[in-house]
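Trainee: Following this line is model30.txt, made up of compact mmCIF, C-alpha atoms:
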# COMPACT_ATOMS: atom_id res chain seq x y z
CA GLY N 232 -0.97 -10.54 12.49
CA ASP N 233 -3.01 -10.37 9.33
CA SER N 234 -1.80 -12.33 6.31
CA VAL N 235 -2.81 -13.39 2.81
CA THR N 236 -1.78 -16.62 1.10
CA GLN N 237 -2.14 -17.26 -2.63
CA MET N 238 -1.51 -20.28 -4.80
CA GLU N 239 1.95 -20.26 -6.26
CA GLY N 240 2.40 -19.50 -9.90
CA PRO N 241 3.00 -19.26 -12.63
CA VAL N 242 -0.32 -20.49 -13.92
CA THR N 243 -0.37 -21.25 -17.64
CA LEU N 244 -3.67 -21.80 -19.43
CA SER N 245 -4.92 -22.02 -22.96
CA GLU N 246 -7.35 -19.40 -24.22
CA GLU N 247 -10.98 -20.08 -23.18
CA ALA N 248 -9.92 -22.31 -20.26
CA PHE N 249 -11.45 -21.98 -16.79
CA LEU N 250 -9.39 -20.06 -14.24
CA THR N 251 -9.19 -20.45 -10.48
CA ILE N 252 -6.61 -18.67 -8.32
CA ASN N 253 -6.87 -19.61 -4.67
CA CYS N 254 -6.60 -17.05 -1.88
CA THR N 255 -6.94 -17.59 1.86
CA TYR N 256 -6.48 -15.11 4.65
CA THR N 257 -6.03 -14.69 8.38
CA ALA N 258 -7.29 -11.58 10.09
CA THR N 259 -8.09 -10.46 13.60
CA GLY N 260 -11.21 -8.54 12.61
CA TYR N 261 -13.74 -8.64 9.79
CA PRO N 262 -11.72 -7.63 6.74
CA SER N 263 -12.74 -6.39 3.34
CA LEU N 264 -11.21 -8.47 0.54
CA PHE N 265 -9.82 -7.37 -2.80
CA TRP N 266 -8.32 -8.68 -6.01
CA TYR N 267 -5.89 -6.42 -7.86
CA VAL N 268 -4.30 -7.02 -11.27
CA GLN N 269 -0.91 -5.77 -12.40
CA TYR N 270 0.09 -5.67 -16.05
CA PRO N 271 3.81 -5.56 -16.94
CA GLY N 272 5.46 -2.29 -15.97
CA GLU N 273 2.30 -0.83 -14.48
CA GLY N 274 0.77 -0.18 -11.08
CA LEU N 275 -1.98 -2.25 -9.51
CA GLN N 276 -5.55 -1.93 -10.73
CA LEU N 277 -8.53 -2.86 -8.60
CA LEU N 278 -10.30 -5.82 -10.20
CA LEU N 279 -13.05 -6.56 -7.67
CA LYS N 280 -13.83 -6.44 -3.98
CA ALA N 281 -16.19 -7.76 -1.30
CA THR N 282 -16.79 -6.11 2.04
CA LYS N 283 -18.68 -8.76 4.02
CA ALA N 284 -19.26 -12.49 4.25
CA ASP N 285 -21.10 -14.11 1.31
CA ASP N 286 -20.67 -11.02 -0.87
CA LYS N 287 -19.66 -11.74 -4.46
CA GLY N 288 -17.42 -9.27 -6.26
CA SER N 289 -17.40 -9.33 -10.04
CA ASN N 290 -15.83 -7.41 -12.91
CA LYS N 291 -14.79 -8.12 -16.51
CA GLY N 292 -15.93 -11.74 -16.24
CA PHE N 293 -13.95 -12.36 -13.04
CA GLU N 294 -15.70 -13.14 -9.79
CA ALA N 295 -14.85 -14.05 -6.20
CA THR N 296 -17.03 -14.87 -3.21
CA TYR N 297 -16.15 -13.92 0.37
CA ARG N 298 -16.26 -17.19 2.33
CA LYS N 299 -15.90 -16.50 6.02
CA GLU N 300 -16.21 -20.15 7.04
CA THR N 301 -13.20 -21.13 4.96
CA THR N 302 -11.47 -17.70 5.15
CA SER N 303 -11.15 -17.74 1.38
CA PHE N 304 -11.65 -15.42 -1.58
CA HIS N 305 -10.84 -17.47 -4.67
CA LEU N 306 -10.74 -15.72 -8.04
CA GLU N 307 -12.53 -17.39 -10.97
CA LYS N 308 -13.19 -16.73 -14.63
CA GLY N 309 -15.08 -19.02 -16.95
CA SER N 310 -13.11 -18.33 -20.13
CA VAL N 311 -9.74 -16.58 -20.05
CA GLN N 312 -8.29 -14.50 -22.86
CA VAL N 313 -4.70 -13.76 -23.85
CA SER N 314 -5.25 -10.21 -22.60
CA ASP N 315 -5.83 -11.57 -19.07
CA SER N 316 -2.13 -12.43 -18.79
CA ALA N 317 -0.90 -10.50 -15.75
CA VAL N 318 -0.06 -10.85 -12.07
CA TYR N 319 -3.04 -11.12 -9.71
CA PHE N 320 -2.84 -10.01 -6.06
CA CYS N 321 -5.27 -10.91 -3.33
CA ALA N 322 -5.45 -8.37 -0.51
CA LEU N 323 -7.34 -7.60 2.65
CA ARG N 324 -8.13 -4.46 4.62
CA ASP N 325 -8.57 -4.89 8.35
CA GLY N 326 -9.24 -1.49 9.90
CA GLN N 327 -6.55 0.78 8.48
CA ASN N 328 -4.24 -2.13 7.75
CA PHE N 329 -3.86 -3.26 4.12
CA VAL N 330 -2.09 -6.59 3.48
CA PHE N 331 -1.23 -8.02 0.05
CA GLY N 332 -0.50 -11.57 -0.98
CA PRO N 333 2.64 -12.42 -2.97
CA GLY N 334 0.85 -12.46 -6.31
CA THR N 335 0.11 -15.17 -8.87
CA ARG N 336 1.36 -14.80 -12.41
CA LEU N 337 -1.10 -15.92 -15.10
CA SER N 338 -0.04 -16.63 -18.67
CA VAL N 339 -2.73 -17.36 -21.25
CA LEU N 340 -1.59 -18.93 -24.50
CA PRO N 341 -3.47 -18.49 -27.80
CA GLU C 272 -11.48 9.14 -14.60
CA ALA C 273 -9.26 10.56 -11.86
CA GLU C 274 -5.90 8.85 -11.38
CA VAL C 275 -2.98 8.83 -9.00
CA ALA C 276 0.01 10.51 -10.63
CA GLN C 277 3.63 9.57 -9.96
CA SER C 278 6.93 10.85 -11.27
CA PRO C 279 9.39 9.95 -12.50
CA ARG C 280 8.32 6.65 -14.04
CA TYR C 281 11.90 5.40 -14.12
CA LYS C 282 14.99 6.41 -12.15
CA ILE C 283 18.53 5.09 -12.41
CA THR C 284 21.00 6.22 -9.78
CA GLU C 285 24.30 5.19 -8.28
CA LYS C 286 24.56 3.93 -4.74
CA SER C 287 25.11 6.60 -2.09
CA GLN C 288 23.20 9.16 -4.19
CA ALA C 289 19.94 10.76 -3.12
CA VAL C 290 16.67 10.10 -4.96
CA ALA C 291 13.17 11.50 -4.60
CA PHE C 292 9.80 10.34 -5.85
CA TRP C 293 6.64 12.40 -6.14
CA CYS C 294 2.99 11.39 -5.86
CA ASP C 295 -0.22 13.32 -6.46
CA PRO C 296 -3.25 11.40 -5.16
CA ILE C 297 -6.79 11.50 -6.49
CA SER C 298 -8.37 14.82 -5.55
CA GLY C 299 -10.15 14.67 -2.21
CA HIS C 300 -8.50 11.45 -1.05
CA ALA C 301 -7.44 11.88 2.55
CA THR C 302 -5.26 8.80 2.83
CA LEU C 303 -2.01 8.29 0.93
CA TYR C 304 0.22 5.23 0.95
CA TRP C 305 3.75 4.52 -0.24
CA TYR C 306 4.64 0.90 -1.02
CA ARG C 307 7.81 -0.85 -2.12
CA GLN C 308 7.42 -3.78 -4.48
CA ILE C 309 10.43 -6.00 -5.09
CA LEU C 310 10.32 -7.87 -8.37
CA GLY C 311 8.19 -11.00 -8.06
CA GLN C 312 6.65 -10.02 -4.73
CA GLY C 313 3.60 -8.20 -3.44
CA PRO C 314 3.66 -4.57 -2.31
CA GLU C 315 4.96 -3.84 1.18
CA LEU C 316 3.71 -0.75 2.99
CA LEU C 317 6.38 1.82 3.78
CA VAL C 318 4.29 4.72 5.11
CA GLN C 319 0.66 5.77 5.39
CA PHE C 320 -0.60 9.35 5.72
CA GLN C 321 -3.98 10.58 6.88
CA ASP C 322 -4.10 14.14 5.53
CA GLU C 323 -0.67 15.52 6.51
CA SER C 324 -0.11 13.20 9.47
CA VAL C 325 1.81 9.93 9.45
CA VAL C 326 -0.46 7.07 10.56
CA ASP C 327 1.98 4.18 10.10
CA ASP C 328 5.68 4.28 9.26
CA SER C 329 6.71 1.20 11.19
CA GLN C 330 8.24 -0.44 8.08
CA LEU C 331 10.02 2.67 6.81
CA PRO C 332 13.84 2.41 7.14
CA LYS C 333 14.14 5.76 8.83
CA ASP C 334 17.92 5.90 8.70
CA ARG C 335 17.73 6.49 4.94
CA PHE C 336 14.09 6.95 3.95
CA SER C 337 11.89 9.96 4.63
CA ALA C 338 8.40 10.91 3.49
CA GLU C 339 6.33 14.02 3.77
CA ARG C 340 2.90 15.30 2.83
CA LEU C 341 3.15 18.88 3.98
CA LYS C 342 -0.21 20.26 2.83
CA GLY C 343 -2.08 17.00 2.98
CA VAL C 344 -2.22 16.71 -0.79
CA ASP C 345 0.84 15.56 -2.76
CA SER C 346 3.71 13.66 -1.20
CA THR C 347 7.43 13.07 -1.62
CA LEU C 348 9.41 9.96 -0.71
CA LYS C 349 13.18 10.37 -0.41
CA ILE C 350 16.04 7.92 -0.11
CA GLN C 351 19.46 9.14 1.01
CA PRO C 352 21.81 7.44 0.48
CA ALA C 353 20.48 4.87 -1.95
CA GLU C 354 21.73 1.28 -1.62
CA LEU C 355 21.77 -1.57 -4.13
CA GLY C 356 18.97 -3.32 -2.22
CA ASP C 357 16.65 -0.35 -2.77
CA SER C 358 16.15 -1.32 -6.42
CA ALA C 359 12.40 -1.91 -6.67
CA MET C 360 9.11 -0.43 -7.86
CA TYR C 361 7.81 2.31 -5.58
CA LEU C 362 4.04 2.55 -5.67
CA CYS C 363 1.82 5.31 -4.40
CA ALA C 364 -1.85 4.74 -3.63
CA SER C 365 -4.68 6.83 -2.25
CA SER C 366 -8.08 6.16 -0.76
CA PRO C 367 -11.00 8.39 0.20
CA LEU C 368 -11.50 7.07 3.71
CA ALA C 369 -9.10 5.21 5.93
CA GLY C 370 -10.69 2.16 7.44
CA GLY C 371 -14.20 2.92 6.29
CA PRO C 372 -16.43 0.16 4.89
CA THR C 373 -15.91 1.31 1.31
CA ASP C 374 -12.22 2.06 1.68
CA THR C 375 -10.46 1.08 -1.54
CA GLN C 376 -6.94 1.90 -2.62
CA TYR C 377 -6.23 3.30 -6.05
CA PHE C 378 -2.68 2.93 -7.31
CA GLY C 379 -0.46 5.08 -9.47
CA PRO C 380 1.75 3.65 -12.24
CA GLY C 381 4.79 3.43 -9.97
CA THR C 382 8.41 4.55 -10.15
CA ARG C 383 10.93 1.88 -11.14
CA LEU C 384 14.19 2.56 -9.26
CA THR C 385 17.46 0.95 -10.30
CA VAL C 386 20.49 1.49 -8.08
CA LEU C 387 23.87 0.75 -9.71
Let's see the structure in the file written out as structure tokens.
Mentor:
Amino acid sequence: GDSVTQMEGPVTLSEEAFLTINCTYTATGYPSLFWYVQYPGEGLQLLLKATKADDKGSNKGFEATYRKETTSFHLEKGSVQVSDSAVYFCALRDGQNFVFGPGTRLSVLP
Amino acid sequence: EAEVAQSPRYKITEKSQAVAFWCDPISGHATLYWYRQILGQGPELLVQFQDESVVDDSQLPKDRFSAERLKGVDSTLKIQPAELGDSAMYLCASSPLAGGPTDTQYFGPGTRLTVL
């Protein structure tokens, strides 16, 4: 079945550091890929998405490129802020089936 | 900006009691999802509705959980009786089209359930 794997956290960075959170997937079809962010005590918010190979999703300085050849959708940001501290979930949609990864907690220190 | 509404935000109950959660999706969204998120993990799908019909409830513990979306708009998730292991965040999400190329889920704030 479909699955999503993320790098284990927590990830701790200093403010203005470069961020990469790895995400790889397995799917039977041609999935759409998503990154969601969850702040403490809140629901998930869509951060960015890509619907086909080589698409780049971007939002709020974050970006991720749909790499079909490596089945990956790594999240990157050039300069993180303290306010980016949250849990980040990679997810895929294959037909009507949504699958989430386990989440990666990011802590950014001032 | 339209949002998914959920209530209550927090619920504390004793085991063997009944609890119910309510969700109002974004207006016009045909598909509604209920997820359970255990602390430190990703969301797990419990049930998916397309309008008023159940599309997928394969992961719903049907001996104690039930869900309905009678008019194809808002939805209720019920647990009876609650068990200690049901303590989790219950998330509702909606999307305009199920399986379409622009299908994106939008989440509510969740209901945090604690079973004592």
Trainee: Which residues of range 290-386 of chain C sit at most 12 Å from range 313-335 of chain N, using all atoms listed in the file? Give each one's shortest atom pair and distance in Å (one decimal place), in chain and ascending residue order, as a Markdown table.
Mentor:
| residue | atom | partner | partner_atom | distance |
| --- | --- | --- | --- | --- |
| C:Thr302 | CA | N:Gln327 | CA | 9.9 |
| C:Leu303 | CA | N:Gln327 | CA | 11.6 |
| C:Tyr304 | CA | N:Phe329 | CA | 9.9 |
| C:Trp305 | CA | N:Phe329 | CA | 11.7 |
| C:Tyr306 | CA | N:Phe331 | CA | 10.7 |
| C:Arg307 | CA | N:Phe331 | CA | 11.7 |
| C:Gln308 | CA | N:Pro333 | CA | 10.0 |
| C:Ile309 | CA | N:Pro333 | CA | 10.3 |
| C:Leu310 | CA | N:Pro333 | CA | 10.4 |
| C:Gly311 | CA | N:Pro333 | CA | 7.7 |
| C:Gln312 | CA | N:Pro333 | CA | 5.0 |
| C:Gly313 | CA | N:Pro333 | CA | 4.4 |
| C:Pro314 | CA | N:Phe331 | CA | 6.4 |
| C:Glu315 | CA | N:Phe331 | CA | 7.6 |
| C:Leu316 | CA | N:Phe329 | CA | 8.1 |
| C:Leu317 | CA | N:Phe329 | CA | 11.4 |
| C:Val318 | CA | N:Asn328 | CA | 11.3 |
| C:Gln319 | CA | N:Gln327 | CA | 9.3 |
| C:Phe320 | CA | N:Gln327 | CA | 10.8 |
| C:Gln321 | CA | N:Gln327 | CA | 10.3 |
| C:Val326 | CA | N:Gln327 | CA | 9.0 |
| C:Asp327 | CA | N:Asn328 | CA | 9.2 |
| C:Asp328 | CA | N:Asn328 | CA | 11.9 |
| C:Ser329 | CA | N:Asn328 | CA | 12.0 |
| C:Ala364 | CA | N:Phe329 | CA | 11.3 |
| C:Ser365 | CA | N:Phe329 | CA | 12.0 |
| C:Ser366 | CA | N:Gln327 | CA | 10.8 |
| C:Leu368 | CA | N:Gln327 | CA | 9.3 |
| C:Ala369 | CA | N:Gln327 | CA | 5.7 |
| C:Gly370 | CA | N:Gln327 | CA | 4.5 |
| C:Gly371 | CA | N:Gly326 | CA | 7.6 |
| C:Pro372 | CA | N:Gly326 | CA | 8.9 |
| C:Thr373 | CA | N:Arg324 | CA | 10.2 |
| C:Asp374 | CA | N:Arg324 | CA | 8.2 |
| C:Thr375 | CA | N:Arg324 | CA | 8.6 |
| C:Gln376 | CA | N:Phe329 | CA | 9.0 |
Trainee: Using all atoms listed in the file, which of the listed residues (C:Ser324, C:Thr382, C:Gln330, C:Ser337) sits closest to Gln351 in chain C?
Mentor: C:Ser337
Trainee: So which one's closest to chain N, C:Ser278, C:Asp295, C:Thr385, C:Tyr377? Using only C-alpha atoms, please.
Mentor: C:Tyr377
Trainee: Mind checking which residues fall within 8 Å of Ser289 in chain N, counting all atoms listed in the file, ignoring those fewer than 6 positions away in the same chain, and posting them as a ChimeraX atom specification?
Mentor: /N:278-280,295
Trainee: Would you save the residues of that selection, restricted to C-alpha atoms, as a PDB file, in the coordinates of the input?
Mentor:
ATOM      1  CA  LEU N 278     -10.300  -5.820 -10.200  1.00  0.00           C
ATOM      2  CA  LEU N 279     -13.050  -6.560  -7.670  1.00  0.00           C
ATOM      3  CA  LYS N 280     -13.830  -6.440  -3.980  1.00  0.00           C
ATOM      4  CA  ALA N 295     -14.850 -14.050  -6.200  1.00  0.00           C
TER       5      ALA N 295
END
Trainee: Which residues, written as a list in words, have at least one atom at most 7 Å from Tyr297 in chain N, with all atoms listed in the file counted and residues fewer than 2 positions away on the same chain left out?
Mentor: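 Neighbouring residues, sequence-local ones excluded: Ala281, Lys283, Ala284, Asp285, Asp286, Lys287, Ala295, Lys299, Ser303 and Phe304 of chain N.
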Trainee: Which polymer residues have any atom within 7 Å of an atom of range 244-256 of chain N, counting only C-alpha atoms, with same-chain residues fewer than 3 positions away left out, as a VMD selection string?
Mentor: chain N and resid 234 to 238 302 to 313 321 338 to 341
Trainee: To one decimal place, how far is CA of Asn290 in chain N from CA of Ser298 in chain C in Å?
Mentor: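 Separation of CA of Asn290 in chain N and CA of Ser298 in chain C: 24.6 Å.
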Trainee: Quick one: pull the distance between CA of Met360 in chain C and CA of Thr259 in chain N, Å, one decimal.
Mentor: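 Spanning CA of Met360 in chain C to CA of Thr259 in chain N is a straight-line distance of 29.3 Å.
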Trainee: Quick one, how far is CA of Gln277 in chain C from CA of Pro296 in chain C?
Mentor: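 If I compute the distance from CA of Gln277 in chain C to CA of Pro296 in chain C, I get 8.6 Å.
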Trainee: May I ask which of the residues N:Phe293, N:Leu337, N:Gln276, N:Arg298 is the closest one to chain C, counting only C-alpha atoms?
Mentor: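 Closest to chain C of all the choices is N:Gln276.
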